[in-house]
Amino acid sequence: MTTGEQTILCHTADGVAEVVLNRPRARNALSRPLIAALDGTLERLAADDSVRVVILTGAGGHFAAGADLKDMASMTAQEAAAADFAGCSHALPRLPQPVVVAVEGVALGGGCEMVEMADIVIAGLGARFGHPEVTAGTMPGAGGTQRLPRLVGPALALDLLLTGRSLTAAEALSAGLVSRVVDDGQALGTARAVARHLSTLSAPVLRAVKAAVRRGQEVPLSAGLAEERRLFHRTFALDDRREGMSAFAEKRPPRFQHR
């Protein structure tokens, strides 16, 4: 499936959807047509129960260089407010399935915001992450000032957001922004291996784990614990819970049916 005049590519197989930002000559800068195509694709995937895991990556050796400044340059404050313009995806943080992001090259501005929205981030050793918006006279608009401090702490987040400097992959791993660092050129292959593993696990359980973690980032600990317990109790009604425990007792691999 190809959407948005091929600014977004999407292929689905065996429960895994692979979504590719496809503006390689612009380092996958997030133009408004690309964002619209991306959100349309993600909304379709969110409604597709056969899709258990989503991979997001970029074509041409980079993940995403941020919002397309040429696209933004003539936009007025009134136009931005009327369109609720964020320079990035609205649909990605609402996706119920686990999202595995593969990053080579740069993940800057809106590209870094999509990293911050993801669940598992695989980075090539040469990847760089940051928020240079301040150097262009603007600021993040899709959660960079909110998610980044929750991931790396306010001191480092403010350093990055106020100076515009970037992090290496190793620094991003140490700070908690990425999950794993691999050799350059291996991020997508590793992300595919991770996604294949996730696709063998119970889809409703994976969604519940993601929902519990995301909810816990938004509410006090007591409310997060209550939500975790509620979702945990719901797993007792799953066929997959019965199959998983039977498989453990019988010392065999589970055969999850995702229900």
# chains A, B, ... in the order shown; residues from 1 in each chain; ligands from 1

$ select_by_dssp --residues "segment 2-130 of chain A" --states "strand (DSSP E)" --output "PyMOL selection string"
chain A and resi 2-3+8-13+16-21+53-58+99-103+106-108+120-124+128-130

$ write_last_selection --atoms "C-alpha atoms" --output "PDB file, in the first residue's frame"
ATOM      1  CA  THR A   2       1.328   3.434  -0.931  1.00  0.00           C
ATOM      2  CA  THR A   3      -0.268   6.689   0.134  1.00  0.00           C
ATOM      3  CA  ILE A   8       4.525   7.406   2.969  1.00  0.00           C
ATOM      4  CA  LEU A   9       5.088   3.744   2.159  1.00  0.00           C
ATOM      5  CA  CYS A  10       3.373   0.991   4.127  1.00  0.00           C
ATOM      6  CA  HIS A  11       3.648  -2.776   3.884  1.00  0.00           C
ATOM      7  CA  THR A  12       1.884  -5.248   6.168  1.00  0.00           C
ATOM      8  CA  ALA A  13       2.734  -8.924   6.620  1.00  0.00           C
ATOM      9  CA  VAL A  16       3.592  -6.348  11.378  1.00  0.00           C
ATOM     10  CA  ALA A  17       3.055  -3.070   9.510  1.00  0.00           C
ATOM     11  CA  GLU A  18       6.181  -1.276   8.310  1.00  0.00           C
ATOM     12  CA  VAL A  19       5.674   2.444   7.686  1.00  0.00           C
ATOM     13  CA  VAL A  20       8.375   4.415   5.861  1.00  0.00           C
ATOM     14  CA  LEU A  21       8.770   8.198   5.691  1.00  0.00           C
ATOM     15  CA  VAL A  53       2.968  -4.237  15.777  1.00  0.00           C
ATOM     16  CA  VAL A  54       3.993  -1.133  13.813  1.00  0.00           C
ATOM     17  CA  ILE A  55       7.522  -0.293  12.643  1.00  0.00           C
ATOM     18  CA  LEU A  56       8.263   3.325  11.723  1.00  0.00           C
ATOM     19  CA  THR A  57      11.430   4.280   9.840  1.00  0.00           C
ATOM     20  CA  GLY A  58      12.770   6.698   7.244  1.00  0.00           C
ATOM     21  CA  VAL A  99       5.465   1.068  17.878  1.00  0.00           C
ATOM     22  CA  VAL A 100       9.081   0.158  17.111  1.00  0.00           C
ATOM     23  CA  VAL A 101      11.083   3.014  15.568  1.00  0.00           C
ATOM     24  CA  ALA A 102      14.271   2.411  13.583  1.00  0.00           C
ATOM     25  CA  VAL A 103      16.533   5.471  13.416  1.00  0.00           C
ATOM     26  CA  VAL A 106      19.066  12.386  12.079  1.00  0.00           C
ATOM     27  CA  ALA A 107      15.935  12.495  14.223  1.00  0.00           C
ATOM     28  CA  LEU A 108      15.532  16.219  14.810  1.00  0.00           C
ATOM     29  CA  ILE A 120      10.838   0.864  21.444  1.00  0.00           C
ATOM     30  CA  VAL A 121      13.549   2.863  19.647  1.00  0.00           C
ATOM     31  CA  ILE A 122      16.407   1.153  17.809  1.00  0.00           C
ATOM     32  CA  ALA A 123      19.180   3.581  16.795  1.00  0.00           C
ATOM     33  CA  GLY A 124      22.163   3.187  14.525  1.00  0.00           C
ATOM     34  CA  ARG A 128      21.660  11.988  16.253  1.00  0.00           C
ATOM     35  CA  PHE A 129      18.699  13.301  18.224  1.00  0.00           C
ATOM     36  CA  GLY A 130      17.718  16.839  19.138  1.00  0.00           C
TER      37      GLY A 130
END

$ residues_around --residues "Pro24 of chain A" --least-positions-apart "3" --cutoff "10 Å" --atoms "only C-alpha atoms" --output "MDAnalysis selection string"
chainID A and resid 7 21 27:29 58:64

$ residues_around --residues "Val205 of chain A" --least-positions-apart "5" --cutoff "9 Å" --atoms "only C-alpha atoms" --output "list in words"
Lys210, Leu231, Phe232, Thr235, Leu238, Asp240, Arg241 and His258 of chain A

$ residues_around --residues "Thr168 of chain A" --least-positions-apart "2" --cutoff "9 Å" --atoms "only C-alpha atoms" --output "list in words"
Leu125, Gly126, Ala127, Arg128, Phe129, Ser166, Ala170, Glu171, Ala172 and Leu173 of chain A

$ atom_distance --atom1 "atom CA of Ala212 of chain A" --atom2 "atom CA of Pro253 of chain A"
25.9 Å

$ residues_around --residues "segment 73-80 of chain A" --least-positions-apart "4" --cutoff "12 Å" --atoms "only C-alpha atoms" --output "list in words"
Ser31, Arg32, Ala67, Asp68, Leu69, Asp84, Phe85, Ala86, Gly87, Ala136, Gly137, Thr138 and Gly141 of chain A

$ write_last_selection --atoms "C-alpha atoms" --output "PDB file, in the first residue's frame"
ATOM      1  CA  SER A  31       5.762  18.525   5.160  1.00  0.00           C
ATOM      2  CA  ARG A  32       2.045  18.947   5.641  1.00  0.00           C
ATOM      3  CA  ALA A  67       9.206  19.942  10.183  1.00  0.00           C
ATOM      4  CA  ASP A  68       9.589  21.299   6.664  1.00  0.00           C
ATOM      5  CA  LEU A  69      10.630  24.923   7.303  1.00  0.00           C
ATOM      6  CA  ASP A  84      -4.054  23.005  15.093  1.00  0.00           C
ATOM      7  CA  PHE A  85      -0.694  22.738  13.305  1.00  0.00           C
ATOM      8  CA  ALA A  86       1.954  20.773  15.227  1.00  0.00           C
ATOM      9  CA  GLY A  87       4.523  20.090  12.522  1.00  0.00           C
ATOM     10  CA  ALA A 136      14.935  28.787  13.700  1.00  0.00           C
ATOM     11  CA  GLY A 137      12.996  31.127  15.976  1.00  0.00           C
ATOM     12  CA  THR A 138      10.333  28.679  17.090  1.00  0.00           C
ATOM     13  CA  GLY A 141       4.659  21.936  18.961  1.00  0.00           C
TER      14      GLY A 141
END

$ closest_residue --among "A:Arg150, A:Leu198, A:Ala47, A:Gly40" --to "Ser89 of chain A" --atoms "only C-alpha atoms"
A:Gly40

$ residues_around --residues "Ala203 of chain A" --least-positions-apart "5" --cutoff "8 Å" --atoms "only C-alpha atoms" --output "JSON, numbers by chain"
{"A": [52, 97, 258, 259]}

$ write_last_selection --atoms "N, CA and C atoms" --output "CSV table (one decimal), in the first residue's frame"
chain,number,residue,atom,x,y,z
A,52,ARG,N,-0.6,-6.2,14.6
A,52,ARG,CA,-0.2,-6.3,16.0
A,52,ARG,C,0.9,-5.4,16.4
A,97,GLN,N,-1.3,-0.1,19.1
A,97,GLN,CA,-0.3,-1.2,19.0
A,97,GLN,C,1.1,-0.7,19.4
A,258,HIS,N,-4.6,-14.2,20.1
A,258,HIS,CA,-4.8,-12.7,20.1
A,258,HIS,C,-6.3,-12.4,20.5
A,259,ARG,N,-6.8,-13.1,21.5
A,259,ARG,CA,-8.1,-12.8,22.0
A,259,ARG,C,-8.2,-13.3,23.5

$ closest_residue --among "A:Arg252, A:Ala195, A:Pro204, A:Ala91" --to "Asp39 of chain A" --atoms "only C-alpha atoms"
A:Ala91

$ decode --residues "segment 126-174 of chain A" --atoms "N, CA and C atoms" --output "PDB file, in the first residue's frame"
ATOM      1  N   GLY A 126      25.497   5.971  14.456  1.00  0.00           N
ATOM      2  CA  GLY A 126      25.726   7.329  13.987  1.00  0.00           C
ATOM      3  C   GLY A 126      24.512   8.234  14.051  1.00  0.00           C
ATOM      4  N   ALA A 127      23.411   7.770  14.588  1.00  0.00           N
ATOM      5  CA  ALA A 127      22.196   8.588  14.663  1.00  0.00           C
ATOM      6  C   ALA A 127      22.385   9.752  15.627  1.00  0.00           C
ATOM      7  N   ARG A 128      21.633  10.820  15.368  1.00  0.00           N
ATOM      8  CA  ARG A 128      21.660  11.988  16.253  1.00  0.00           C
ATOM      9  C   ARG A 128      20.231  12.440  16.525  1.00  0.00           C
ATOM     10  N   PHE A 129      20.025  12.939  17.744  1.00  0.00           N
ATOM     11  CA  PHE A 129      18.699  13.301  18.224  1.00  0.00           C
ATOM     12  C   PHE A 129      18.740  14.705  18.817  1.00  0.00           C
ATOM     13  N   GLY A 130      17.721  15.516  18.541  1.00  0.00           N
ATOM     14  CA  GLY A 130      17.718  16.839  19.138  1.00  0.00           C
ATOM     15  C   GLY A 130      16.542  17.680  18.723  1.00  0.00           C
ATOM     16  N   HIS A 131      16.499  18.861  19.295  1.00  0.00           N
ATOM     17  CA  HIS A 131      15.432  19.835  19.045  1.00  0.00           C
ATOM     18  C   HIS A 131      16.065  21.176  18.678  1.00  0.00           C
ATOM     19  N   PRO A 132      16.340  21.396  17.381  1.00  0.00           N
ATOM     20  CA  PRO A 132      16.959  22.655  16.955  1.00  0.00           C
ATOM     21  C   PRO A 132      15.958  23.776  16.684  1.00  0.00           C
ATOM     22  N   GLU A 133      14.680  23.586  17.055  1.00  0.00           N
ATOM     23  CA  GLU A 133      13.659  24.575  16.709  1.00  0.00           C
ATOM     24  C   GLU A 133      14.029  25.983  17.158  1.00  0.00           C
ATOM     25  N   VAL A 134      14.655  26.109  18.324  1.00  0.00           N
ATOM     26  CA  VAL A 134      14.979  27.429  18.860  1.00  0.00           C
ATOM     27  C   VAL A 134      15.912  28.195  17.928  1.00  0.00           C
ATOM     28  N   THR A 135      16.752  27.485  17.203  1.00  0.00           N
ATOM     29  CA  THR A 135      17.688  28.146  16.288  1.00  0.00           C
ATOM     30  C   THR A 135      16.982  28.688  15.046  1.00  0.00           C
ATOM     31  N   ALA A 136      15.728  28.274  14.811  1.00  0.00           N
ATOM     32  CA  ALA A 136      14.935  28.787  13.700  1.00  0.00           C
ATOM     33  C   ALA A 136      13.839  29.730  14.196  1.00  0.00           C
ATOM     34  N   GLY A 137      13.941  30.158  15.444  1.00  0.00           N
ATOM     35  CA  GLY A 137      12.996  31.127  15.976  1.00  0.00           C
ATOM     36  C   GLY A 137      11.652  30.557  16.354  1.00  0.00           C
ATOM     37  N   THR A 138      11.596  29.278  16.677  1.00  0.00           N
ATOM     38  CA  THR A 138      10.333  28.679  17.090  1.00  0.00           C
ATOM     39  C   THR A 138      10.604  27.628  18.171  1.00  0.00           C
ATOM     40  N   MET A 139       9.643  26.771  18.445  1.00  0.00           N
ATOM     41  CA  MET A 139       9.760  25.789  19.517  1.00  0.00           C
ATOM     42  C   MET A 139       9.002  24.535  19.124  1.00  0.00           C
ATOM     43  N   PRO A 140       9.175  23.439  19.862  1.00  0.00           N
ATOM     44  CA  PRO A 140       8.389  22.232  19.556  1.00  0.00           C
ATOM     45  C   PRO A 140       6.892  22.481  19.708  1.00  0.00           C
ATOM     46  N   GLY A 141       6.107  21.785  18.884  1.00  0.00           N
ATOM     47  CA  GLY A 141       4.659  21.936  18.961  1.00  0.00           C
ATOM     48  C   GLY A 141       3.911  20.628  19.048  1.00  0.00           C
ATOM     49  N   ALA A 142       4.654  19.497  19.092  1.00  0.00           N
ATOM     50  CA  ALA A 142       3.996  18.183  19.105  1.00  0.00           C
ATOM     51  C   ALA A 142       4.420  17.366  20.318  1.00  0.00           C
ATOM     52  N   GLY A 143       4.787  18.038  21.397  1.00  0.00           N
ATOM     53  CA  GLY A 143       5.077  17.319  22.638  1.00  0.00           C
ATOM     54  C   GLY A 143       6.523  17.330  23.067  1.00  0.00           C
ATOM     55  N   GLY A 144       7.412  17.961  22.311  1.00  0.00           N
ATOM     56  CA  GLY A 144       8.824  17.946  22.679  1.00  0.00           C
ATOM     57  C   GLY A 144       9.118  18.528  24.042  1.00  0.00           C
ATOM     58  N   THR A 145       8.380  19.587  24.431  1.00  0.00           N
ATOM     59  CA  THR A 145       8.621  20.183  25.747  1.00  0.00           C
ATOM     60  C   THR A 145       7.972  19.376  26.870  1.00  0.00           C
ATOM     61  N   GLN A 146       7.143  18.400  26.528  1.00  0.00           N
ATOM     62  CA  GLN A 146       6.429  17.612  27.540  1.00  0.00           C
ATOM     63  C   GLN A 146       6.958  16.187  27.638  1.00  0.00           C
ATOM     64  N   ARG A 147       7.095  15.508  26.511  1.00  0.00           N
ATOM     65  CA  ARG A 147       7.554  14.122  26.558  1.00  0.00           C
ATOM     66  C   ARG A 147       9.050  14.025  26.845  1.00  0.00           C
ATOM     67  N   LEU A 148       9.845  14.899  26.232  1.00  0.00           N
ATOM     68  CA  LEU A 148      11.296  14.803  26.419  1.00  0.00           C
ATOM     69  C   LEU A 148      11.696  14.918  27.891  1.00  0.00           C
ATOM     70  N   PRO A 149      11.181  15.889  28.672  1.00  0.00           N
ATOM     71  CA  PRO A 149      11.544  15.931  30.095  1.00  0.00           C
ATOM     72  C   PRO A 149      11.119  14.683  30.858  1.00  0.00           C
ATOM     73  N   ARG A 150      10.012  14.072  30.476  1.00  0.00           N
ATOM     74  CA  ARG A 150       9.571  12.848  31.141  1.00  0.00           C
ATOM     75  C   ARG A 150      10.498  11.676  30.841  1.00  0.00           C
ATOM     76  N   LEU A 151      11.153  11.716  29.685  1.00  0.00           N
ATOM     77  CA  LEU A 151      12.044  10.638  29.290  1.00  0.00           C
ATOM     78  C   LEU A 151      13.458  10.823  29.828  1.00  0.00           C
ATOM     79  N   VAL A 152      13.992  12.032  29.729  1.00  0.00           N
ATOM     80  CA  VAL A 152      15.414  12.248  30.051  1.00  0.00           C
ATOM     81  C   VAL A 152      15.619  13.137  31.262  1.00  0.00           C
ATOM     82  N   GLY A 153      14.541  13.656  31.845  1.00  0.00           N
ATOM     83  CA  GLY A 153      14.658  14.568  32.978  1.00  0.00           C
ATOM     84  C   GLY A 153      14.697  16.012  32.511  1.00  0.00           C
ATOM     85  N   PRO A 154      14.246  16.950  33.371  1.00  0.00           N
ATOM     86  CA  PRO A 154      14.148  18.353  32.956  1.00  0.00           C
ATOM     87  C   PRO A 154      15.492  19.023  32.692  1.00  0.00           C
ATOM     88  N   ALA A 155      16.545  18.637  33.405  1.00  0.00           N
ATOM     89  CA  ALA A 155      17.830  19.319  33.218  1.00  0.00           C
ATOM     90  C   ALA A 155      18.375  19.100  31.807  1.00  0.00           C
ATOM     91  N   LEU A 156      18.440  17.845  31.381  1.00  0.00           N
ATOM     92  CA  LEU A 156      18.943  17.564  30.044  1.00  0.00           C
ATOM     93  C   LEU A 156      17.969  18.055  28.987  1.00  0.00           C
ATOM     94  N   ALA A 157      16.673  17.892  29.222  1.00  0.00           N
ATOM     95  CA  ALA A 157      15.679  18.340  28.244  1.00  0.00           C
ATOM     96  C   ALA A 157      15.809  19.840  27.992  1.00  0.00           C
ATOM     97  N   LEU A 158      15.921  20.610  29.048  1.00  0.00           N
ATOM     98  CA  LEU A 158      16.047  22.055  28.875  1.00  0.00           C
ATOM     99  C   LEU A 158      17.354  22.427  28.188  1.00  0.00           C
ATOM    100  N   ASP A 159      18.415  21.713  28.485  1.00  0.00           N
ATOM    101  CA  ASP A 159      19.683  21.939  27.786  1.00  0.00           C
ATOM    102  C   ASP A 159      19.478  21.762  26.282  1.00  0.00           C
ATOM    103  N   LEU A 160      18.842  20.675  25.880  1.00  0.00           N
ATOM    104  CA  LEU A 160      18.631  20.418  24.458  1.00  0.00           C
ATOM    105  C   LEU A 160      17.655  21.420  23.845  1.00  0.00           C
ATOM    106  N   LEU A 161      16.560  21.688  24.523  1.00  0.00           N
ATOM    107  CA  LEU A 161      15.514  22.549  23.971  1.00  0.00           C
ATOM    108  C   LEU A 161      15.948  24.012  23.892  1.00  0.00           C
ATOM    109  N   LEU A 162      16.743  24.465  24.862  1.00  0.00           N
ATOM    110  CA  LEU A 162      17.151  25.875  24.889  1.00  0.00           C
ATOM    111  C   LEU A 162      18.378  26.169  24.037  1.00  0.00           C
ATOM    112  N   THR A 163      19.237  25.189  23.853  1.00  0.00           N
ATOM    113  CA  THR A 163      20.449  25.418  23.066  1.00  0.00           C
ATOM    114  C   THR A 163      20.331  24.912  21.638  1.00  0.00           C
ATOM    115  N   GLY A 164      19.473  23.925  21.404  1.00  0.00           N
ATOM    116  CA  GLY A 164      19.352  23.334  20.086  1.00  0.00           C
ATOM    117  C   GLY A 164      20.396  22.276  19.781  1.00  0.00           C
ATOM    118  N   ARG A 165      21.229  21.944  20.757  1.00  0.00           N
ATOM    119  CA  ARG A 165      22.269  20.942  20.499  1.00  0.00           C
ATOM    120  C   ARG A 165      21.640  19.554  20.409  1.00  0.00           C
ATOM    121  N   SER A 166      22.385  18.601  19.857  1.00  0.00           N
ATOM    122  CA  SER A 166      21.866  17.251  19.659  1.00  0.00           C
ATOM    123  C   SER A 166      22.661  16.235  20.465  1.00  0.00           C
ATOM    124  N   LEU A 167      22.099  15.043  20.584  1.00  0.00           N
ATOM    125  CA  LEU A 167      22.723  13.930  21.287  1.00  0.00           C
ATOM    126  C   LEU A 167      23.167  12.876  20.289  1.00  0.00           C
ATOM    127  N   THR A 168      24.288  12.234  20.569  1.00  0.00           N
ATOM    128  CA  THR A 168      24.667  11.049  19.816  1.00  0.00           C
ATOM    129  C   THR A 168      23.764   9.889  20.232  1.00  0.00           C
ATOM    130  N   ALA A 169      23.815   8.811  19.469  1.00  0.00           N
ATOM    131  CA  ALA A 169      23.022   7.632  19.824  1.00  0.00           C
ATOM    132  C   ALA A 169      23.423   7.096  21.194  1.00  0.00           C
ATOM    133  N   ALA A 170      24.720   7.076  21.469  1.00  0.00           N
ATOM    134  CA  ALA A 170      25.188   6.574  22.760  1.00  0.00           C
ATOM    135  C   ALA A 170      24.687   7.456  23.893  1.00  0.00           C
ATOM    136  N   GLU A 171      24.707   8.787  23.687  1.00  0.00           N
ATOM    137  CA  GLU A 171      24.205   9.698  24.714  1.00  0.00           C
ATOM    138  C   GLU A 171      22.695   9.525  24.883  1.00  0.00           C
ATOM    139  N   ALA A 172      21.989   9.337  23.780  1.00  0.00           N
ATOM    140  CA  ALA A 172      20.538   9.146  23.856  1.00  0.00           C
ATOM    141  C   ALA A 172      20.182   7.859  24.588  1.00  0.00           C
ATOM    142  N   LEU A 173      20.988   6.819  24.386  1.00  0.00           N
ATOM    143  CA  LEU A 173      20.767   5.560  25.107  1.00  0.00           C
ATOM    144  C   LEU A 173      20.992   5.760  26.594  1.00  0.00           C
ATOM    145  N   SER A 174      22.076   6.425  26.941  1.00  0.00           N
ATOM    146  CA  SER A 174      22.384   6.666  28.349  1.00  0.00           C
ATOM    147  C   SER A 174      21.312   7.520  29.013  1.00  0.00           C
TER     148      SER A 174
END
